[in-house]
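S.K.: File protein_35.cif below, mmCIF, C-alpha atoms, pLDDT in the B column; chains and numbers go by the auth columns:
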data_work
loop_
_atom_site.group_PDB
_atom_site.id
_atom_site.type_symbol
_atom_site.label_atom_id
_atom_site.label_comp_id
_atom_site.label_asym_id
_atom_site.label_seq_id
_atom_site.Cartn_x
_atom_site.Cartn_y
_atom_site.Cartn_z
_atom_site.B_iso_or_equiv
_atom_site.auth_seq_id
_atom_site.auth_asym_id
ATOM 1 C CA MET A 1 20.605 -33.404 88.186 48.00 1 A
ATOM 2 C CA ARG A 2 20.740 -36.177 85.660 44.00 2 A
ATOM 3 C CA ASP A 3 18.313 -37.163 82.935 47.00 3 A
ATOM 4 C CA SER A 4 18.177 -39.372 79.894 54.00 4 A
ATOM 5 C CA ALA A 5 19.998 -36.724 77.853 62.00 5 A
ATOM 6 C CA GLY A 6 23.085 -37.382 79.964 78.00 6 A
ATOM 7 C CA THR A 7 25.307 -35.348 82.224 89.00 7 A
ATOM 8 C CA THR A 8 26.776 -32.038 81.105 96.00 8 A
ATOM 9 C CA VAL A 9 30.393 -31.846 82.236 97.00 9 A
ATOM 10 C CA SER A 10 33.133 -29.304 81.505 98.00 10 A
ATOM 11 C CA LEU A 11 36.448 -30.885 80.603 98.00 11 A
ATOM 12 C CA VAL A 12 39.824 -29.158 80.902 98.00 12 A
ATOM 13 C CA TYR A 13 43.016 -30.557 79.371 98.00 13 A
ATOM 14 C CA LEU A 14 46.363 -29.279 80.564 98.00 14 A
ATOM 15 C CA ALA A 15 50.059 -29.210 79.684 98.00 15 A
ATOM 16 C CA ARG A 16 51.331 -32.033 77.465 97.00 16 A
ATOM 17 C CA LEU A 17 47.886 -33.649 77.265 98.00 17 A
ATOM 18 C CA ARG A 18 46.322 -30.428 76.001 98.00 18 A
ATOM 19 C CA GLU A 19 48.834 -30.383 73.164 98.00 19 A
ATOM 20 C CA ALA A 20 48.611 -34.103 72.421 98.00 20 A
ATOM 21 C CA LEU A 21 44.800 -34.101 72.370 98.00 21 A
ATOM 22 C CA GLY A 22 44.587 -30.797 70.530 97.00 22 A
ATOM 23 C CA ALA A 23 41.964 -29.433 72.927 96.00 23 A
ATOM 24 C CA ALA A 24 42.054 -27.117 75.940 98.00 24 A
ATOM 25 C CA THR A 25 38.418 -27.319 77.042 98.00 25 A
ATOM 26 C CA GLU A 26 35.171 -28.861 75.915 97.00 26 A
ATOM 27 C CA ARG A 27 31.661 -29.451 77.198 98.00 27 A
ATOM 28 C CA ILE A 28 30.312 -32.947 76.868 97.00 28 A
ATOM 29 C CA GLU A 29 27.017 -34.711 77.366 96.00 29 A
ATOM 30 C CA ALA A 30 28.068 -37.895 79.089 94.00 30 A
ATOM 31 C CA PRO A 31 25.692 -40.863 78.835 95.00 31 A
ATOM 32 C CA PRO A 32 24.186 -42.093 82.122 94.00 32 A
ATOM 33 C CA HIS A 33 26.700 -44.898 82.597 95.00 33 A
ATOM 34 C CA VAL A 34 29.569 -42.378 82.558 96.00 34 A
ATOM 35 C CA ASN A 35 29.285 -41.355 86.203 96.00 35 A
ATOM 36 C CA THR A 36 32.811 -41.794 87.584 98.00 36 A
ATOM 37 C CA VAL A 37 36.292 -40.593 86.642 98.00 37 A
ATOM 38 C CA GLY A 38 37.199 -44.091 85.505 98.00 38 A
ATOM 39 C CA SER A 39 34.164 -44.503 83.259 98.00 39 A
ATOM 40 C CA LEU A 40 34.683 -41.010 81.817 98.00 40 A
ATOM 41 C CA ARG A 41 38.293 -41.813 80.963 98.00 41 A
ATOM 42 C CA ALA A 42 37.255 -45.044 79.234 98.00 42 A
ATOM 43 C CA TRP A 43 34.466 -43.235 77.369 98.00 43 A
ATOM 44 C CA LEU A 44 36.891 -40.574 76.104 98.00 44 A
ATOM 45 C CA ALA A 45 39.469 -43.215 75.163 98.00 45 A
ATOM 46 C CA ALA A 46 36.779 -44.906 73.033 98.00 46 A
ATOM 47 C CA ARG A 47 36.965 -41.913 70.678 98.00 47 A
ATOM 48 C CA GLY A 48 40.006 -43.725 69.307 98.00 48 A
ATOM 49 C CA GLY A 49 43.149 -42.267 67.763 98.00 49 A
ATOM 50 C CA VAL A 50 45.162 -40.044 70.047 98.00 50 A
ATOM 51 C CA TRP A 51 42.444 -40.274 72.722 98.00 51 A
ATOM 52 C CA ALA A 52 42.842 -44.028 72.896 98.00 52 A
ATOM 53 C CA THR A 53 46.627 -43.696 73.011 98.00 53 A
ATOM 54 C CA GLU A 54 46.882 -40.985 75.633 98.00 54 A
ATOM 55 C CA LEU A 55 44.112 -42.237 77.934 98.00 55 A
ATOM 56 C CA ALA A 56 44.878 -45.946 77.619 97.00 56 A
ATOM 57 C CA PRO A 57 44.938 -47.923 80.871 94.00 57 A
ATOM 58 C CA GLY A 58 48.449 -47.805 82.270 92.00 58 A
ATOM 59 C CA ARG A 59 49.237 -44.336 80.929 95.00 59 A
ATOM 60 C CA ALA A 60 50.053 -41.906 83.719 95.00 60 A
ATOM 61 C CA VAL A 61 47.067 -39.572 83.736 97.00 61 A
ATOM 62 C CA ARG A 62 45.864 -37.480 86.654 97.00 62 A
ATOM 63 C CA VAL A 63 42.336 -36.177 87.085 98.00 63 A
ATOM 64 C CA ALA A 64 40.836 -33.445 89.257 98.00 64 A
ATOM 65 C CA VAL A 65 37.102 -33.025 89.833 98.00 65 A
ATOM 66 C CA ASN A 66 36.096 -29.493 90.792 98.00 66 A
ATOM 67 C CA HIS A 67 39.761 -28.692 91.561 98.00 67 A
ATOM 68 C CA ASP A 68 40.359 -31.654 93.885 97.00 68 A
ATOM 69 C CA LEU A 69 42.574 -34.567 92.894 96.00 69 A
ATOM 70 C CA ALA A 70 40.384 -37.556 92.084 97.00 70 A
ATOM 71 C CA ASP A 71 40.752 -41.284 91.516 97.00 71 A
ATOM 72 C CA ALA A 72 38.951 -43.709 89.228 97.00 72 A
ATOM 73 C CA ASP A 73 36.070 -44.156 91.669 98.00 73 A
ATOM 74 C CA THR A 74 35.374 -40.451 92.171 98.00 74 A
ATOM 75 C CA PRO A 75 31.794 -39.718 91.064 98.00 75 A
ATOM 76 C CA ILE A 76 30.995 -37.213 88.343 97.00 76 A
ATOM 77 C CA ALA A 77 27.786 -35.191 88.349 96.00 77 A
ATOM 78 C CA ALA A 78 26.171 -32.584 86.127 96.00 78 A
ATOM 79 C CA GLY A 79 27.989 -29.257 86.202 97.00 79 A
ATOM 80 C CA ASP A 80 31.305 -30.680 87.378 98.00 80 A
ATOM 81 C CA GLU A 81 34.618 -29.401 86.015 98.00 81 A
ATOM 82 C CA VAL A 82 36.852 -32.350 85.288 98.00 82 A
ATOM 83 C CA ALA A 83 40.513 -31.649 84.502 98.00 83 A
ATOM 84 C CA ILE A 84 42.711 -34.263 82.865 98.00 84 A
ATOM 85 C CA PHE A 85 46.471 -33.803 82.956 98.00 85 A
ATOM 86 C CA PRO A 86 49.873 -35.503 83.154 98.00 86 A
ATOM 87 C CA PRO A 87 51.647 -36.078 86.482 97.00 87 A
ATOM 88 C CA VAL A 88 52.664 -32.687 87.844 98.00 88 A
ATOM 89 C CA THR A 89 56.223 -31.366 87.620 97.00 89 A
ATOM 90 C CA GLY A 90 56.317 -28.119 89.595 97.00 90 A
ATOM 91 C CA GLY A 91 58.617 -27.063 92.390 96.00 91 A
ATOM 92 C CA MET B 1 48.158 -14.736 101.889 67.00 1 B
ATOM 93 C CA PRO B 2 50.130 -17.858 102.833 93.00 2 B
ATOM 94 C CA VAL B 3 50.009 -19.049 99.212 98.00 3 B
ATOM 95 C CA ARG B 4 50.884 -17.022 96.115 98.00 4 B
ATOM 96 C CA VAL B 5 51.180 -17.916 92.446 98.00 5 B
ATOM 97 C CA GLN B 6 52.878 -15.176 90.461 98.00 6 B
ATOM 98 C CA THR B 7 55.035 -14.408 87.442 98.00 7 B
ATOM 99 C CA GLU B 8 57.252 -11.944 89.359 98.00 8 B
ATOM 100 C CA ASP B 9 60.386 -12.884 91.239 98.00 9 B
ATOM 101 C CA PHE B 10 60.456 -12.796 95.044 98.00 10 B
ATOM 102 C CA ASP B 11 62.898 -11.531 97.672 98.00 11 B
ATOM 103 C CA VAL B 12 63.619 -14.414 100.060 98.00 12 B
ATOM 104 C CA GLY B 13 64.948 -12.203 102.848 98.00 13 B
ATOM 105 C CA ARG B 14 62.004 -9.865 102.755 98.00 14 B
ATOM 106 C CA GLU B 15 59.489 -12.707 102.614 98.00 15 B
ATOM 107 C CA LEU B 16 61.015 -14.532 105.579 98.00 16 B
ATOM 108 C CA SER B 17 61.237 -11.354 107.647 97.00 17 B
ATOM 109 C CA ALA B 18 57.575 -10.686 106.952 97.00 18 B
ATOM 110 C CA LEU B 19 56.712 -14.273 107.846 98.00 19 B
ATOM 111 C CA ARG B 20 58.514 -13.966 111.176 96.00 20 B
ATOM 112 C CA ASP B 21 57.147 -10.489 111.772 95.00 21 B
ATOM 113 C CA GLY B 22 59.228 -10.040 114.909 94.00 22 B
ATOM 114 C CA ASP B 23 57.268 -12.717 116.760 97.00 23 B
ATOM 115 C CA PRO B 24 59.401 -13.642 119.821 98.00 24 B
ATOM 116 C CA SER B 25 57.644 -17.003 120.220 98.00 25 B
ATOM 117 C CA ILE B 26 59.307 -18.158 116.989 98.00 26 B
ATOM 118 C CA GLY B 27 62.640 -19.888 117.438 98.00 27 B
ATOM 119 C CA ALA B 28 63.070 -21.434 114.004 98.00 28 B
ATOM 120 C CA VAL B 29 62.633 -20.406 110.383 98.00 29 B
ATOM 121 C CA ALA B 30 63.114 -23.087 107.728 98.00 30 B
ATOM 122 C CA ALA B 31 63.057 -22.200 104.050 98.00 31 B
ATOM 123 C CA PHE B 32 63.453 -24.001 100.746 98.00 32 B
ATOM 124 C CA VAL B 33 64.139 -22.210 97.467 98.00 33 B
ATOM 125 C CA GLY B 34 63.863 -24.120 94.208 98.00 34 B
ATOM 126 C CA THR B 35 65.760 -22.731 91.232 97.00 35 B
ATOM 127 C CA VAL B 36 66.057 -23.442 87.506 97.00 36 B
ATOM 128 C CA ARG B 37 68.997 -25.653 86.528 95.00 37 B
ATOM 129 C CA ASP B 38 70.732 -25.298 83.174 95.00 38 B
ATOM 130 C CA VAL B 39 70.752 -29.036 82.548 92.00 39 B
ATOM 131 C CA ASN B 40 68.121 -31.771 82.878 90.00 40 B
ATOM 132 C CA ALA B 41 68.061 -35.347 81.617 85.00 41 B
ATOM 133 C CA ASP B 42 71.387 -34.898 79.791 84.00 42 B
ATOM 134 C CA ALA B 43 70.317 -31.861 77.784 89.00 43 B
ATOM 135 C CA SER B 44 71.124 -28.231 78.359 94.00 44 B
ATOM 136 C CA VAL B 45 68.139 -26.080 79.206 95.00 45 B
ATOM 137 C CA THR B 46 68.083 -22.559 77.810 95.00 46 B
ATOM 138 C CA SER B 47 64.729 -21.535 79.294 97.00 47 B
ATOM 139 C CA MET B 48 61.516 -23.006 80.626 97.00 48 B
ATOM 140 C CA THR B 49 57.879 -22.136 80.960 98.00 49 B
ATOM 141 C CA LEU B 50 55.796 -23.059 83.978 98.00 50 B
ATOM 142 C CA GLU B 51 52.141 -23.733 83.338 98.00 51 B
ATOM 143 C CA HIS B 52 49.529 -24.198 86.053 98.00 52 B
ATOM 144 C CA TYR B 53 45.845 -24.942 86.418 98.00 53 B
ATOM 145 C CA ALA B 54 44.385 -21.642 87.539 95.00 54 B
ATOM 146 C CA GLY B 55 41.569 -22.300 89.950 90.00 55 B
ATOM 147 C CA MET B 56 43.052 -25.473 91.368 98.00 56 B
ATOM 148 C CA THR B 57 46.597 -24.346 92.138 98.00 57 B
ATOM 149 C CA GLU B 58 45.953 -22.124 95.135 97.00 58 B
ATOM 150 C CA LYS B 59 43.371 -24.546 96.505 97.00 59 B
ATOM 151 C CA ALA B 60 45.870 -27.411 96.276 98.00 60 B
ATOM 152 C CA LEU B 61 48.649 -25.391 97.923 98.00 61 B
ATOM 153 C CA ASP B 62 46.309 -24.206 100.676 98.00 62 B
ATOM 154 C CA ALA B 63 45.346 -27.807 101.391 97.00 63 B
ATOM 155 C CA ILE B 64 49.016 -28.823 101.634 98.00 64 B
ATOM 156 C CA VAL B 65 49.805 -25.973 104.042 98.00 65 B
ATOM 157 C CA THR B 66 46.748 -26.819 106.133 98.00 66 B
ATOM 158 C CA GLU B 67 47.817 -30.460 106.297 97.00 67 B
ATOM 159 C CA ALA B 68 51.318 -29.439 107.414 98.00 68 B
ATOM 160 C CA LYS B 69 49.826 -27.337 110.197 98.00 69 B
ATOM 161 C CA THR B 70 47.816 -30.288 111.483 97.00 70 B
ATOM 162 C CA ARG B 71 50.910 -32.519 111.575 98.00 71 B
ATOM 163 C CA TRP B 72 53.442 -30.160 113.126 98.00 72 B
ATOM 164 C CA SER B 73 53.524 -27.180 115.398 98.00 73 B
ATOM 165 C CA VAL B 74 53.768 -24.424 112.814 98.00 74 B
ATOM 166 C CA ALA B 75 53.408 -20.720 113.530 98.00 75 B
ATOM 167 C CA GLN B 76 53.334 -19.452 109.933 98.00 76 B
ATOM 168 C CA ALA B 77 53.818 -21.064 106.543 98.00 77 B
ATOM 169 C CA LEU B 78 54.303 -19.479 103.146 98.00 78 B
ATOM 170 C CA VAL B 79 54.420 -20.859 99.613 98.00 79 B
ATOM 171 C CA ILE B 80 55.292 -18.696 96.604 98.00 80 B
ATOM 172 C CA HIS B 81 55.416 -20.436 93.220 98.00 81 B
ATOM 173 C CA ARG B 82 56.236 -18.663 89.991 98.00 82 B
ATOM 174 C CA VAL B 83 54.624 -19.363 86.621 98.00 83 B
ATOM 175 C CA GLY B 84 55.417 -18.234 83.087 98.00 84 B
ATOM 176 C CA PRO B 85 58.815 -17.988 81.403 98.00 85 B
ATOM 177 C CA LEU B 86 61.944 -18.606 83.501 98.00 86 B
ATOM 178 C CA LYS B 87 65.679 -18.795 82.811 97.00 87 B
ATOM 179 C CA PRO B 88 68.436 -20.910 84.372 97.00 88 B
ATOM 180 C CA ALA B 89 69.297 -19.721 87.901 97.00 89 B
ATOM 181 C CA ASP B 90 65.903 -18.044 88.313 98.00 90 B
ATOM 182 C CA GLN B 91 63.998 -18.735 91.509 98.00 91 B
ATOM 183 C CA ILE B 92 60.939 -20.952 90.999 98.00 92 B
ATOM 184 C CA VAL B 93 59.505 -21.649 94.415 98.00 93 B
ATOM 185 C CA LEU B 94 59.847 -20.558 98.036 98.00 94 B
ATOM 186 C CA VAL B 95 58.532 -22.496 101.012 98.00 95 B
ATOM 187 C CA GLY B 96 58.992 -20.834 104.384 98.00 96 B
ATOM 188 C CA VAL B 97 57.906 -22.188 107.761 98.00 97 B
ATOM 189 C CA THR B 98 58.235 -20.671 111.208 98.00 98 B
ATOM 190 C CA SER B 99 57.929 -22.572 114.467 98.00 99 B
ATOM 191 C CA ALA B 100 59.077 -22.533 118.066 98.00 100 B
ATOM 192 C CA HIS B 101 61.617 -25.264 117.328 98.00 101 B
ATOM 193 C CA ARG B 102 63.640 -26.407 114.344 98.00 102 B
ATOM 194 C CA GLY B 103 62.295 -29.971 114.182 98.00 103 B
ATOM 195 C CA ASP B 104 58.803 -28.833 113.308 98.00 104 B
ATOM 196 C CA ALA B 105 60.065 -26.150 110.933 98.00 105 B
ATOM 197 C CA PHE B 106 62.365 -28.517 108.993 98.00 106 B
ATOM 198 C CA ALA B 107 59.805 -31.300 108.770 98.00 107 B
ATOM 199 C CA ALA B 108 56.892 -29.099 107.748 98.00 108 B
ATOM 200 C CA CYS B 109 59.017 -27.353 105.105 98.00 109 B
ATOM 201 C CA GLU B 110 60.137 -30.646 103.567 98.00 110 B
ATOM 202 C CA PHE B 111 56.624 -32.086 103.716 98.00 111 B
ATOM 203 C CA ILE B 112 55.155 -29.064 101.931 98.00 112 B
ATOM 204 C CA MET B 113 57.753 -29.345 99.153 98.00 113 B
ATOM 205 C CA ASP B 114 57.289 -33.106 98.758 97.00 114 B
ATOM 206 C CA TYR B 115 53.518 -32.751 98.518 98.00 115 B
ATOM 207 C CA LEU B 116 53.783 -29.748 96.208 98.00 116 B
ATOM 208 C CA LYS B 117 55.927 -31.810 93.830 97.00 117 B
ATOM 209 C CA THR B 118 53.239 -34.478 93.473 96.00 118 B
ATOM 210 C CA ARG B 119 49.929 -32.688 94.126 97.00 119 B
ATOM 211 C CA ALA B 120 50.090 -29.071 92.991 98.00 120 B
ATOM 212 C CA PRO B 121 49.097 -28.615 89.335 98.00 121 B
ATOM 213 C CA PHE B 122 52.263 -27.150 87.810 98.00 122 B
ATOM 214 C CA TRP B 123 54.045 -28.374 84.691 98.00 123 B
ATOM 215 C CA LYS B 124 57.460 -27.438 83.315 98.00 124 B
ATOM 216 C CA LYS B 125 58.184 -27.139 79.619 97.00 125 B
ATOM 217 C CA GLU B 126 61.863 -26.838 78.742 96.00 126 B
ATOM 218 C CA GLU B 127 63.589 -25.248 75.782 95.00 127 B
ATOM 219 C CA THR B 128 66.677 -27.196 74.765 94.00 128 B
ATOM 220 C CA PRO B 129 68.939 -26.914 71.699 93.00 129 B
ATOM 221 C CA SER B 130 67.035 -29.832 70.147 92.00 130 B
ATOM 222 C CA GLY B 131 63.605 -28.369 70.782 95.00 131 B
ATOM 223 C CA THR B 132 60.849 -27.960 73.345 96.00 132 B
ATOM 224 C CA ARG B 133 59.839 -30.754 75.690 96.00 133 B
ATOM 225 C CA TRP B 134 57.573 -31.284 78.686 97.00 134 B
ATOM 226 C CA VAL B 135 59.420 -32.399 81.795 96.00 135 B
ATOM 227 C CA GLU B 136 58.524 -35.950 82.829 93.00 136 B
ATOM 228 C CA ALA B 137 57.463 -36.617 86.407 93.00 137 B
ATOM 229 C CA ARG B 138 59.987 -38.566 88.482 90.00 138 B
ATOM 230 C CA ALA B 139 59.184 -41.699 90.461 90.00 139 B
ATOM 231 C CA SER B 140 61.548 -40.401 93.151 92.00 140 B
ATOM 232 C CA ASP B 141 59.126 -37.519 93.767 93.00 141 B
ATOM 233 C CA ASP B 142 56.299 -39.997 94.392 92.00 142 B
ATOM 234 C CA ASP B 143 58.582 -41.905 96.763 92.00 143 B
ATOM 235 C CA ALA B 144 59.453 -38.715 98.617 93.00 144 B
ATOM 236 C CA ALA B 145 55.785 -37.839 99.093 94.00 145 B
ATOM 237 C CA ALA B 146 54.877 -41.398 100.076 94.00 146 B
ATOM 238 C CA ARG B 147 57.310 -41.306 103.014 94.00 147 B
ATOM 239 C CA TRP B 148 54.939 -38.970 104.821 94.00 148 B
ATOM 240 C CA GLN B 149 52.040 -41.399 104.511 89.00 149 B
ATOM 241 C CA SER B 150 53.590 -44.169 106.605 69.00 150 B
ATOM 242 C CA PRO B 151 51.733 -44.885 109.880 57.00 151 B
ATOM 243 C CA THR B 152 54.754 -43.824 111.887 51.00 152 B
ATOM 244 C CA LYS B 153 55.720 -40.350 110.846 50.00 153 B
ATOM 245 C CA PRO B 154 59.401 -40.004 110.031 51.00 154 B
ATOM 246 C CA ALA B 155 59.432 -36.569 111.595 51.00 155 B
ATOM 247 C CA PRO B 156 59.174 -35.509 115.268 50.00 156 B
#
Translate this structure into structure tokens?
M.R.:
Amino acid sequence: MRDSAGTTVSLVYLARLREALGAATERIEAPPHVNTVGSLRAWLAARGGVWATELAPGRAVRVAVNHDLADADTPIAAGDEVAIFPPVTGG
Amino acid sequence: MPVRVQTEDFDVGRELSALRDGDPSIGAVAAFVGTVRDVNADASVTSMTLEHYAGMTEKALDAIVTEAKTRWSVAQALVIHRVGPLKPADQIVLVGVTSAHRGDAFAACEFIMDYLKTRAPFWKKEETPSGTRWVEARASDDDAAARWQSPTKPAP
């Protein structure tokens, strides 16, 4: 469901990115053109400051949509949970 | 449950016995145990904390185990990964695989670890004498996972 008010998406920030961005979760109203992981990342980076630094093209950032690893072309729809995090280091 | 995320330690012997469960069709048990080292990137590590993305972690591990079972002849597979505070020499992760033959067990065990290292949402934060730092991902881990994506599988 998408309308002119935009797309409501839940964002989750994890590990080093959570600390660097100073946020663990937020709900956003994404404008209609923000409909993929790549466009969401660029839209968040346009906030400037630490957002621009951490989410700049070339920075190693991983994204999961609804708990599945995603790439820049993965679509984003209303109600999705989008997690943004650094490369994983478990094991 | 073939996949567990927990703060508590685990008993490798007990877990592998349970995995085998006396099944006489199993001829091979391969296991990997990852443990906390006291040094990383030229600094001594006094403790670490493992963070994960609750909700995604078990789903990601399940997917890795399922993929291993499609690639090799696996009877049972188990992944236990700890989260929370850990000290040097503590156990972090256990991967156990049973199969009729060792080739499948070795390969599936290594595959699960390589994919876990690059796809399961865990992050390590280390305490060192000069402060706290997030562990950086290694390119060698990406290389290790990429081996399994070649058209000709390196394993039997």
S.K.: Can you translate the PyMOL selection byres ((chain B) within 10 of (chain A)) into the concrete residues it hits in this file, as a count of residues only?
M.R.: 46
S.K.: Which value, in Å to one decimal, gives the distance between CA of Ala75 in chain B and CA of Asp90 in chain B?
M.R.: 28.3 Å
S.K.: Given only C-alpha atoms as the basis, pick out the residue of A:Trp51, A:Pro57, A:Gly6, A:His33 nearest to Leu21 in chain A.
M.R.: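 Of all the options, A:Trp51 lies closest to Leu21 in chain A.
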S.K.: Between CA of Ser44 in chain B and CA of Pro88 in chain B, what is the distance in Å, rounded to a tenth?
M.R.: 9.8 Å
S.K.: Would you kindly return, as a list in words, each protein, DNA or RNA residue with an atom no farther than 12 Å from any atom of Leu44 in chain A, considering all atoms listed in the file and excluding same-chain residues fewer than 6 positions away?
M.R.: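 The contact residues come out as Leu11, Leu21, Glu26, Ile28, Glu29, Ala30, Pro31, Val34, Val37, Gly38, Val50, Trp51, Ala52, Thr53, Glu54, Leu55, Ala56, Pro57 and Ile84 of chain A.
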S.K.: One number please: CA of Thr49 in chain B to CA of Ala146 in chain B, in Å, one decimal.
M.R.: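 Taking CA of Thr49 in chain B as the start and CA of Ala146 in chain B as the end point, the length is 27.3 Å.
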S.K.: Choose the residue, out of B:Leu16, B:Ala28, B:Val45, B:Ala105, that has the smallest atom-to-atom separation from Ser130 in chain B; count all atoms listed in the file.
M.R.: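 Using all atoms listed in the file, Ser130 in chain B sits closest to B:Val45.
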S.K.: Got a minute to add N, CA and C atoms to range 37-50 of chain B and dump it as an mmCIF file, in the coordinates of the input?
M.R.:
data_model
loop_
_atom_site.group_PDB
_atom_site.id
_atom_site.type_symbol
_atom_site.label_atom_id
_atom_site.label_comp_id
_atom_site.auth_asym_id
_atom_site.auth_seq_id
_atom_site.Cartn_x
_atom_site.Cartn_y
_atom_site.Cartn_z
ATOM 1 N N ARG B 37 67.673 -25.161 86.917
ATOM 2 C CA ARG B 37 68.997 -25.653 86.528
ATOM 3 C C ARG B 37 69.187 -25.497 85.010
ATOM 4 N N ASP B 38 70.453 -25.483 84.605
ATOM 5 C CA ASP B 38 70.732 -25.298 83.174
ATOM 6 C C ASP B 38 70.893 -26.633 82.454
ATOM 7 N N VAL B 39 70.662 -27.727 83.185
ATOM 8 C CA VAL B 39 70.752 -29.036 82.548
ATOM 9 C C VAL B 39 69.714 -29.952 83.188
ATOM 10 N N ASN B 40 69.084 -30.793 82.363
ATOM 11 C CA ASN B 40 68.121 -31.771 82.878
ATOM 12 C C ASN B 40 68.068 -32.938 81.904
ATOM 13 N N ALA B 41 68.132 -34.142 82.444
ATOM 14 C CA ALA B 41 68.061 -35.347 81.617
ATOM 15 C C ALA B 41 69.050 -35.266 80.442
ATOM 16 N N ASP B 42 70.290 -34.892 80.757
ATOM 17 C CA ASP B 42 71.387 -34.898 79.791
ATOM 18 C C ASP B 42 71.253 -33.886 78.655
ATOM 19 N N ALA B 43 70.400 -32.896 78.820
ATOM 20 C CA ALA B 43 70.317 -31.861 77.784
ATOM 21 C C ALA B 43 70.425 -30.497 78.461
ATOM 22 N N SER B 44 71.044 -29.561 77.780
ATOM 23 C CA SER B 44 71.124 -28.231 78.359
ATOM 24 C C SER B 44 69.780 -27.532 78.178
ATOM 25 N N VAL B 45 69.428 -26.769 79.188
ATOM 26 C CA VAL B 45 68.139 -26.080 79.206
ATOM 27 C C VAL B 45 68.410 -24.584 79.067
ATOM 28 N N THR B 46 67.841 -23.980 78.033
ATOM 29 C CA THR B 46 68.083 -22.559 77.810
ATOM 30 C C THR B 46 67.012 -21.693 78.455
ATOM 31 N N SER B 47 65.797 -22.242 78.590
ATOM 32 C CA SER B 47 64.729 -21.535 79.294
ATOM 33 C C SER B 47 63.608 -22.529 79.556
ATOM 34 N N MET B 48 62.682 -22.147 80.404
ATOM 35 C CA MET B 48 61.516 -23.006 80.626
ATOM 36 C C MET B 48 60.288 -22.152 80.862
ATOM 37 N N THR B 49 59.139 -22.802 80.677
ATOM 38 C CA THR B 49 57.879 -22.136 80.960
ATOM 39 C C THR B 49 57.106 -22.991 81.953
ATOM 40 N N LEU B 50 56.601 -22.350 82.985
ATOM 41 C CA LEU B 50 55.796 -23.059 83.978
ATOM 42 C C LEU B 50 54.328 -22.762 83.745
#
